[in-house]
Structure formats: structure tokens, C-alpha cells
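A.B. asks: So that you have it, the file is protein.cif, and it contains mmCIF, C-alpha atoms:
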data_target
loop_
_atom_site.label_atom_id
_atom_site.label_comp_id
_atom_site.auth_asym_id
_atom_site.auth_seq_id
_atom_site.Cartn_x
_atom_site.Cartn_y
_atom_site.Cartn_z
CA MET A 35 0.65 -20.11 -2.20
CA SER A 36 -3.04 -20.67 -1.57
CA ASP A 37 -5.82 -19.59 -3.89
CA HIS A 38 -6.73 -16.91 -1.33
CA ILE A 39 -3.88 -14.66 -2.51
CA LEU A 40 -3.65 -14.25 -6.28
CA VAL A 41 -0.98 -12.39 -8.24
CA GLU A 42 -1.75 -11.05 -11.70
CA GLN A 43 0.63 -9.14 -13.94
CA ASP A 44 -0.07 -6.91 -16.91
CA GLY A 45 3.17 -5.54 -18.31
CA PRO A 46 5.01 -3.66 -15.55
CA ILE A 47 2.04 -3.59 -13.16
CA ALA A 48 1.38 -6.44 -10.72
CA THR A 49 -1.90 -6.89 -8.84
CA VAL A 50 -2.22 -8.74 -5.53
CA VAL A 51 -5.79 -9.96 -4.99
CA PHE A 52 -7.33 -10.93 -1.66
CA ASN A 53 -9.52 -13.73 -2.91
CA ARG A 54 -12.23 -14.69 -0.41
CA PRO A 55 -15.25 -12.89 -1.87
CA LYS A 56 -17.79 -15.02 0.03
CA MET A 57 -16.27 -13.70 3.28
CA ARG A 58 -15.81 -10.13 2.03
CA ASN A 59 -12.15 -11.06 1.54
CA ALA A 60 -11.50 -11.46 5.28
CA ILE A 61 -7.77 -12.03 5.79
CA SER A 62 -6.72 -15.27 7.47
CA LEU A 63 -3.46 -15.80 9.36
CA ALA A 64 -2.07 -17.73 6.39
CA MET A 65 -3.00 -14.85 4.07
CA TRP A 66 -1.09 -12.32 6.20
CA SER A 67 2.05 -14.41 5.72
CA GLU A 68 1.42 -14.78 2.00
CA ILE A 69 0.92 -11.03 1.55
CA ALA A 70 4.36 -10.41 3.04
CA MET A 71 6.04 -13.11 0.93
CA VAL A 72 4.38 -12.02 -2.31
CA THR A 73 5.21 -8.36 -1.73
CA GLU A 74 8.85 -9.12 -1.00
CA ARG A 75 9.08 -11.20 -4.18
CA LEU A 76 7.51 -8.48 -6.32
CA SER A 77 9.79 -5.89 -4.71
CA LYS A 78 12.80 -7.75 -6.13
CA ASP A 79 11.33 -8.36 -9.59
CA ASP A 80 12.83 -5.85 -12.04
CA ALA A 81 9.95 -6.47 -14.47
CA VAL A 82 7.50 -5.03 -11.93
CA ARG A 83 7.38 -1.25 -11.63
CA ALA A 84 4.17 -0.80 -9.59
CA ILE A 85 1.85 -2.92 -7.44
CA VAL A 86 -1.90 -2.77 -6.88
CA TYR A 87 -3.61 -4.38 -3.88
CA ARG A 88 -7.30 -5.14 -4.14
CA GLY A 89 -10.05 -7.47 -3.01
CA ALA A 90 -11.79 -9.91 -5.32
CA GLY A 91 -15.08 -8.54 -6.63
CA ALA A 92 -16.53 -5.14 -5.81
CA ASP A 93 -18.08 -5.68 -2.36
CA ALA A 94 -14.94 -5.31 -0.28
CA PHE A 95 -11.26 -4.52 -0.37
CA ALA A 96 -11.27 -6.70 2.73
CA SER A 97 -13.48 -6.75 5.79
CA GLY A 98 -10.41 -7.06 8.00
CA ALA A 99 -8.82 -9.97 9.79
CA ASP A 100 -10.78 -13.22 9.90
CA ILE A 101 -12.21 -12.89 13.41
CA SER A 102 -13.43 -16.50 13.32
CA GLU A 103 -9.76 -17.51 13.80
CA PHE A 104 -9.24 -15.41 16.92
CA GLN A 105 -10.49 -18.07 19.32
CA GLU A 106 -7.54 -20.21 18.30
CA ASN A 107 -4.96 -17.77 16.91
CA ARG A 108 -5.43 -15.00 19.49
CA LYS A 109 -6.54 -17.05 22.46
CA ASP A 110 -3.70 -15.95 24.79
CA THR A 111 -0.68 -13.67 24.94
CA ALA A 112 1.65 -15.99 23.04
CA THR A 113 -0.72 -16.62 20.14
CA ALA A 114 -1.74 -12.95 20.02
CA LEU A 115 1.89 -11.83 19.80
CA ASN A 116 2.57 -14.34 17.03
CA TYR A 117 -0.51 -13.14 15.14
CA ASN A 118 0.59 -9.54 15.52
CA LYS A 119 4.04 -10.47 14.19
CA GLN A 120 2.46 -11.82 11.00
CA THR A 121 0.24 -8.78 10.46
CA GLU A 122 3.12 -6.39 11.11
CA ALA A 123 5.23 -8.28 8.55
CA ALA A 124 2.50 -7.78 5.95
CA TYR A 125 2.17 -4.06 6.72
CA SER A 126 5.93 -3.56 6.70
CA SER A 127 6.43 -5.40 3.42
CA ILE A 128 4.08 -2.97 1.68
CA ARG A 129 5.32 0.12 3.50
CA LEU A 130 8.97 -0.70 2.74
CA CYS A 131 8.40 -1.86 -0.84
CA PRO A 132 10.64 0.34 -3.03
CA LYS A 133 8.04 0.46 -5.81
CA PRO A 134 4.86 2.54 -6.05
CA THR A 135 1.89 0.82 -4.41
CA VAL A 136 -1.82 1.54 -4.61
CA ALA A 137 -4.65 0.11 -2.53
CA MET A 138 -7.62 0.02 -4.93
CA VAL A 139 -10.68 -0.02 -2.70
CA PHE A 140 -14.17 -1.17 -3.57
CA GLY A 141 -16.68 -1.46 -0.74
CA TYR A 142 -15.59 -2.29 2.79
CA CYS A 143 -12.04 -1.64 4.00
CA MET A 144 -12.06 -2.39 7.70
CA GLY A 145 -9.70 -3.18 10.56
CA GLY A 146 -6.48 -4.84 9.50
CA ALA A 147 -7.38 -4.24 5.87
CA MET A 148 -7.44 -0.51 6.55
CA ALA A 149 -3.96 -0.86 8.04
CA LEU A 150 -2.86 -2.69 4.88
CA ALA A 151 -4.29 0.11 2.76
CA MET A 152 -2.48 2.68 4.91
CA ALA A 153 0.83 0.95 4.18
CA ALA A 154 0.43 1.61 0.44
CA ASP A 155 1.58 4.87 -1.12
CA PHE A 156 -1.94 5.74 -2.28
CA ARG A 157 -5.52 4.74 -1.65
CA PHE A 158 -7.83 5.07 -4.65
CA ALA A 159 -11.43 4.32 -3.72
CA ALA A 160 -14.75 3.73 -5.42
CA ALA A 161 -17.76 5.81 -4.50
CA GLY A 162 -19.63 4.09 -1.70
CA SER A 163 -16.53 2.64 -0.05
CA LYS A 164 -16.48 2.46 3.74
CA PHE A 165 -13.57 2.54 6.16
CA GLY A 166 -13.09 1.83 9.84
CA ILE A 167 -10.93 0.31 12.56
CA PRO A 168 -13.17 -1.43 15.13
CA ALA A 169 -10.24 -2.37 17.40
CA ALA A 170 -11.83 -0.67 20.42
CA ARG A 171 -14.75 -3.09 20.18
CA LEU A 172 -12.33 -6.04 20.51
CA SER A 173 -9.96 -4.59 23.13
CA ILE A 174 -7.01 -4.65 20.71
CA ILE A 175 -4.86 -1.92 19.21
CA TYR A 176 -2.42 -1.73 16.32
CA GLY A 177 1.26 -1.09 16.89
CA LEU A 178 3.29 2.08 16.55
CA ASP A 179 3.93 1.90 12.80
CA PRO A 180 0.29 1.51 11.63
CA VAL A 181 -0.92 4.15 14.09
CA HIS A 182 1.90 6.44 12.96
CA GLN A 183 0.78 5.97 9.36
CA LEU A 184 -2.79 6.89 10.29
CA VAL A 185 -1.58 10.03 12.07
CA ASP A 186 0.58 10.94 9.04
CA LEU A 187 -2.46 10.65 6.78
CA VAL A 188 -5.25 12.28 8.78
CA GLY A 189 -3.56 14.03 11.70
CA PRO A 190 -3.64 13.18 15.41
CA ALA A 191 -7.20 14.37 16.13
CA TYR A 192 -8.85 12.35 13.34
CA ALA A 193 -6.63 9.35 14.15
CA LYS A 194 -7.90 9.42 17.75
CA ASP A 195 -11.46 9.93 16.54
CA ILE A 196 -11.31 6.88 14.23
CA LEU A 197 -9.65 4.67 16.86
CA TYR A 198 -11.60 5.89 19.93
CA SER A 199 -15.02 5.62 18.31
CA ALA A 200 -14.50 2.56 16.08
CA ARG A 201 -16.97 4.26 13.75
CA THR A 202 -17.35 3.76 10.01
CA VAL A 203 -16.04 6.55 7.79
CA ASP A 204 -17.70 7.02 4.42
CA ALA A 205 -15.71 7.65 1.24
CA GLU A 206 -16.47 11.37 1.08
CA GLU A 207 -15.18 11.96 4.60
CA ALA A 208 -12.17 9.72 3.94
CA LEU A 209 -11.26 11.94 0.98
CA ARG A 210 -11.84 15.15 2.92
CA ILE A 211 -9.59 14.16 5.82
CA GLY A 212 -6.82 12.85 3.55
CA PHE A 213 -7.13 9.13 4.11
CA ILE A 214 -7.80 8.43 0.42
CA GLN A 215 -6.23 10.32 -2.46
CA ARG A 216 -8.80 9.66 -5.19
CA LEU A 217 -12.54 9.05 -5.09
CA VAL A 218 -13.79 7.66 -8.40
CA PRO A 219 -17.13 6.24 -9.61
CA ALA A 220 -17.03 2.47 -9.11
CA ALA A 221 -17.36 1.77 -12.83
CA GLU A 222 -14.26 3.89 -13.54
CA LEU A 223 -11.94 2.92 -10.68
CA GLU A 224 -10.05 0.07 -12.35
CA THR A 225 -9.39 2.06 -15.53
CA TYR A 226 -8.36 5.13 -13.56
CA THR A 227 -5.98 3.19 -11.30
CA TYR A 228 -4.21 1.28 -14.04
CA ASP A 229 -3.98 4.29 -16.36
CA TYR A 230 -2.36 6.26 -13.55
CA LEU A 231 0.16 3.51 -12.81
CA LYS A 232 0.99 3.04 -16.48
CA LYS A 233 2.12 6.68 -16.49
CA VAL A 234 4.16 6.13 -13.33
CA ALA A 235 5.68 2.91 -14.73
CA ALA A 236 6.75 4.74 -17.88
CA ASN A 237 8.80 7.22 -15.85
CA ALA A 238 12.40 6.66 -14.79
CA PRO A 239 12.49 3.84 -12.20
CA LEU A 240 15.55 5.27 -10.46
CA THR A 241 13.75 8.58 -9.96
CA VAL A 242 10.57 6.95 -8.67
CA LYS A 243 12.55 4.74 -6.28
CA ALA A 244 14.55 7.73 -5.01
CA VAL A 245 11.39 9.80 -4.49
CA LYS A 246 9.83 7.06 -2.37
CA TYR A 247 12.96 6.61 -0.28
CA ILE A 248 13.63 10.31 0.25
CA VAL A 249 10.01 11.09 1.19
CA GLY A 250 10.25 8.28 3.72
CA GLU A 251 13.38 9.83 5.18
CA VAL A 252 11.71 13.25 5.38
CA LEU A 253 9.05 11.73 7.62
CA LYS A 254 11.66 10.42 10.07
CA ASP A 255 13.12 12.36 12.96
CA GLU A 256 16.01 14.44 11.62
CA SER A 257 18.54 12.54 13.73
CA LYS A 258 17.49 9.23 12.15
CA ARG A 259 17.60 10.26 8.48
CA ASN A 260 20.07 8.54 6.18
CA VAL A 261 21.30 11.71 4.50
CA ALA A 262 24.20 9.91 2.82
CA ARG A 263 21.88 7.39 1.16
CA CYS A 264 19.64 10.19 -0.11
CA ALA A 265 22.63 11.95 -1.66
CA GLU A 266 23.81 8.65 -3.16
CA MET A 267 20.43 8.10 -4.85
CA VAL A 268 20.46 11.64 -6.28
CA GLU A 269 23.92 11.01 -7.74
CA GLN A 270 22.86 7.61 -9.08
CA CYS A 271 20.10 9.28 -11.10
CA PHE A 272 22.46 11.85 -12.61
CA THR A 273 25.06 9.24 -13.58
CA SER A 274 22.58 6.73 -15.00
CA ASN A 275 21.99 5.59 -18.55
CA ASP A 276 18.39 6.67 -18.06
CA PHE A 277 19.47 10.28 -17.51
CA ILE A 278 21.20 10.17 -20.90
CA GLU A 279 18.13 8.56 -22.45
CA GLY A 280 15.83 11.16 -20.88
CA ARG A 281 17.86 14.04 -22.31
CA ARG A 282 18.02 12.45 -25.76
CA ALA A 283 14.31 11.71 -25.81
CA PHE A 284 13.52 15.30 -24.84
CA MET A 285 15.70 16.70 -27.62
CA GLU A 286 14.33 14.20 -30.15
CA LYS A 287 10.73 14.90 -29.08
CA ARG A 288 9.94 11.24 -28.35
CA LYS A 289 8.96 9.16 -25.34
CA PRO A 290 11.96 7.89 -23.38
CA ALA A 291 12.54 4.16 -22.95
CA PHE A 292 13.84 3.83 -19.41
CA THR A 293 15.55 0.65 -18.24
CA GLY A 294 16.29 1.43 -14.60
CA THR A 295 20.05 1.56 -15.18
#
Please render this file's structure as C-alpha cells.

C.D. replies:
Amino acid sequence: MSDHILVEQDGPIATVVFNRPKMRNAISLAMWSEIAMVTERLSKDDAVRAIVYRGAGADAFASGADISEFQENRKDTATALNYNKQTEAAYSSIRLCPKPTVAMVFGYCMGGAMALAMAADFRFAAAGSKFGIPAARLSIIYGLDPVHQLVDLVGPAYAKDILYSARTVDAEEALRIGFIQRLVPAAELETYTYDYLKKVAANAPLTVKAVKYIVGEVLKDESKRNVARCAEMVEQCFTSNDFIEGRRAFMEKRKPAFTGT
């Protein structure tokens, strides 16, 4: 682990910080690999019930990939394919994480950082944030999964608009087209995000995990859905200790203490 990726934990909520504030948190090749490794570790940690991704400071979530590395790390087909493999691993680790994830965005969220944010369940942004994918200015394009995520969020026309034009989208438009789910004054974003996730973390982990999985299956082609696994997760909730605890807490008019079992 380098000091460019930091992991902080407060109770059941972990925060992954992109820590290069002097470079607007531009993501190096090494950082892409670390993001994937950290996310996979947190995914398996039963003490973690939700994950926040953010940039250090308030100027940028991240300005995208560190373009200064491209001359070496994307200089030909072989190096470009290897680079893409690392970025895709980072996106996939977040997208496939079984726990709720939030990209908390201050300032600039550009290029590969926007793809990272898309991989999270939610994007909560501060007023004044800016978004964009300038791939068309570099003669590159993201793969099927990130583009699919963009289409899922904003629809095919806006996805083409953002990718064709390489323009910057302001926070108000990002909210209007569905790219972000919350737009909050900058001074209130941290409190809002963590208060929201504390509520989510207090809910039954088996339910939250099942919701994430089943929604993911809904988005797949019907022929590719794992219907049996969905049914299994529904049954697991109803036969769990947490289901008993939830019923008891409701009858006793108290907050339930869920354990994920």
C-alpha cells in the first residue's frame, strides 16, 4: 500500500481516499491496482457494511487517470491493454462489491474517475462539482461495462452526448440527467453522506446484500439471470437470526441489532 490510497474506518463505514491533492488526485497505474485490492479486502470484511470513495481535500474527487504516465504505460498496444486491464479491475471491484458503495464527489470528477464513480451504487456530489469523460480528445474509449453503466444511468442519448463531445457537465445537469443521486452544499456533503450510510449500515445486512444482487440481476438480459441464486437469497433472509431479531424488535418497539446471520 502506498500513501496515495488511504483507508479509514469509522464503525461499520470504511472510506477509501485517493490521496494526491497536489495533482487533483490523479490516479496512477499503481493506484488503480491498489483500488481493486483494497475494495476486494473490504468486501470480505464482516465489520464493514458500507464503503465511501472520495478524493483528498475538496478540489477534486479525482481528475482522472494520470496522463503523465501515458507516454510509458500506454505507449503501444501491449502497454495500453495492460493499463486497461488494471482500470477494469478497479471498476469491477467496486461494481461487484456486495456492500453499498457511495462516490462522494467534491470538485472535479473526470475521465477514469468518472468511470470509478459510475461503478459505485450512488454518487453524492457537492454543489459546484464537475463531470466529464474527455476520451474523445485522446482517441481512447472505455470498455463495454463502464459504457453500459453510463447508459444505465443517463440513457443512450446522454451517454453518446457525454462521450462524443467530451464536454464538462455541471452538477445541476448531472443531477437532472440521473448521473448523480444527491446534490448537497459542499459544507454539508460529508455529514449527509455518512448519516445516510449509518442508516443503511443499521439495516439488516442480508437484506441489503440481497437487494444489491437482485437489482444487478434485473439489469441483465433475462436469459443470463441467476434466478436460483435470487430465490436462495430471499430464503436466506427469511430463515435468518436477523429475521427473528427484526420481528422481536418491532414488537418490543426498539431498534434491532442485526448481525448478518

A.B. asks: As a list in words, please: the residues near Leu223 in chain A (cut-off 10 Å, all atoms listed in the file, same-chain neighbours under 2 positions excluded).

C.D. replies: Met138, Val139, Phe140, Phe158, Ala159, Ala160, Ala161, Arg216, Leu217, Val218, Pro219, Ala220, Ala221, Thr225, Tyr226, Thr227, Tyr228 and Asp229 of chain A

A.B. asks: Okay, now the selection with C-alpha atoms, as a PDB file, keeping the file's coordinate frame?

C.D. replies:
ATOM      1  CA  MET A 138      -7.620   0.020  -4.930  1.00  0.00           C
ATOM      2  CA  VAL A 139     -10.680  -0.020  -2.700  1.00  0.00           C
ATOM      3  CA  PHE A 140     -14.170  -1.170  -3.570  1.00  0.00           C
ATOM      4  CA  PHE A 158      -7.830   5.070  -4.650  1.00  0.00           C
ATOM      5  CA  ALA A 159     -11.430   4.320  -3.720  1.00  0.00           C
ATOM      6  CA  ALA A 160     -14.750   3.730  -5.420  1.00  0.00           C
ATOM      7  CA  ALA A 161     -17.760   5.810  -4.500  1.00  0.00           C
ATOM      8  CA  ARG A 216      -8.800   9.660  -5.190  1.00  0.00           C
ATOM      9  CA  LEU A 217     -12.540   9.050  -5.090  1.00  0.00           C
ATOM     10  CA  VAL A 218     -13.790   7.660  -8.400  1.00  0.00           C
ATOM     11  CA  PRO A 219     -17.130   6.240  -9.610  1.00  0.00           C
ATOM     12  CA  ALA A 220     -17.030   2.470  -9.110  1.00  0.00           C
ATOM     13  CA  ALA A 221     -17.360   1.770 -12.830  1.00  0.00           C
ATOM     14  CA  THR A 225      -9.390   2.060 -15.530  1.00  0.00           C
ATOM     15  CA  TYR A 226      -8.360   5.130 -13.560  1.00  0.00           C
ATOM     16  CA  THR A 227      -5.980   3.190 -11.300  1.00  0.00           C
ATOM     17  CA  TYR A 228      -4.210   1.280 -14.040  1.00  0.00           C
ATOM     18  CA  ASP A 229      -3.980   4.290 -16.360  1.00  0.00           C
TER      19      ASP A 229
END

A.B. asks: Just to confirm, what's the straight-line distance from CA of Glu74 in chain A to CA of Arg129 in chain A in Å (one decimal)?

C.D. replies: 10.9 Å

A.B. asks: For Gly250 in chain A, list every protein, DNA or RNA residue within 12 Å, evaluated using only C-alpha atoms, and leave out those in the same chain fewer than 2 positions away; present the list as a count of residues only.

C.D. replies: 25

A.B. asks: Report, in Å with one decimal, the straight-line distance from CA of Ala81 in chain A to CA of Gly146 in chain A.

C.D. replies: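 The value is 29.1 Å.
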
A.B. asks: Just checking: using only C-alpha atoms, which residue out of A:Leu40, A:Ala64, A:Val242, A:Ile196 ends up closest to Asn107 in chain A?

C.D. replies: A:Ala64

A.B. asks: Between CA of Leu76 in chain A and CA of Ala48 in chain A, what distance in Å does the model show, to one decimal?

C.D. replies: 7.8 Å

A.B. asks: Just checking: using only C-alpha atoms, which residue out of A:Phe292, A:Tyr142, A:Ala92, A:Leu63 ends up closest to Glu106 in chain A?

C.D. replies: A:Leu63

A.B. asks: Tell me, as JSON, numbers by chain, which residues lie within 9 Å of range 199-205 of chain A, counting all atoms listed in the file; anything in the same chain fewer than 4 positions away does not count.

C.D. replies: {"A": [144, 159, 160, 161, 162, 163, 164, 165, 166, 167, 168, 169, 170, 171, 194, 195, 209, 210, 214, 217]}

A.B. asks: Keeping only C-alpha atoms, write the selected residues as a CSV table (one decimal), in the frame of the given file.

C.D. replies:
chain,number,residue,atom,x,y,z
A,144,MET,CA,-12.1,-2.4,7.7
A,159,ALA,CA,-11.4,4.3,-3.7
A,160,ALA,CA,-14.8,3.7,-5.4
A,161,ALA,CA,-17.8,5.8,-4.5
A,162,GLY,CA,-19.6,4.1,-1.7
A,163,SER,CA,-16.5,2.6,0.0
A,164,LYS,CA,-16.5,2.5,3.7
A,165,PHE,CA,-13.6,2.5,6.2
A,166,GLY,CA,-13.1,1.8,9.8
A,167,ILE,CA,-10.9,0.3,12.6
A,168,PRO,CA,-13.2,-1.4,15.1
A,169,ALA,CA,-10.2,-2.4,17.4
A,170,ALA,CA,-11.8,-0.7,20.4
A,171,ARG,CA,-14.8,-3.1,20.2
A,194,LYS,CA,-7.9,9.4,17.8
A,195,ASP,CA,-11.5,9.9,16.5
A,209,LEU,CA,-11.3,11.9,1.0
A,210,ARG,CA,-11.8,15.2,2.9
A,214,ILE,CA,-7.8,8.4,0.4
A,217,LEU,CA,-12.5,9.0,-5.1

A.B. asks: Please return, as a PyMOL selection string, all polymer residues that have at least one atom within 12 Å of the point (11.9, 3.9, -15.6); use only C-alpha atoms and the file's own coordinate frame.

C.D. replies: chain A and resi 46+80-84+133-134+232-244+271+274-277+279-280+289-295

A.B. asks: Neighbours of Ala96 in chain A within 12 Å (only C-alpha atoms; same-chain residues fewer than 4 positions away dropped), as a ChimeraX atom specification?

C.D. replies: /A:38,51-62,65,87-92,100,137-151,163-166

A.B. asks: Using all atoms listed in the file, which of A:Phe213, A:Tyr192, A:Tyr198, A:Tyr125 sits nearest Gly177 in chain A?

C.D. replies: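 Answer, going by the shortest atom-to-atom distance: A:Tyr125.
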
A.B. asks: Identify which of the residues A:Leu187, A:Gln120, A:Glu207, A:Ala265 lies closest to Met152 in chain A, counting only C-alpha atoms when measuring atom-to-atom distances.

C.D. replies: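 Closest to Met152 in chain A, using only C-alpha atoms: A:Leu187.
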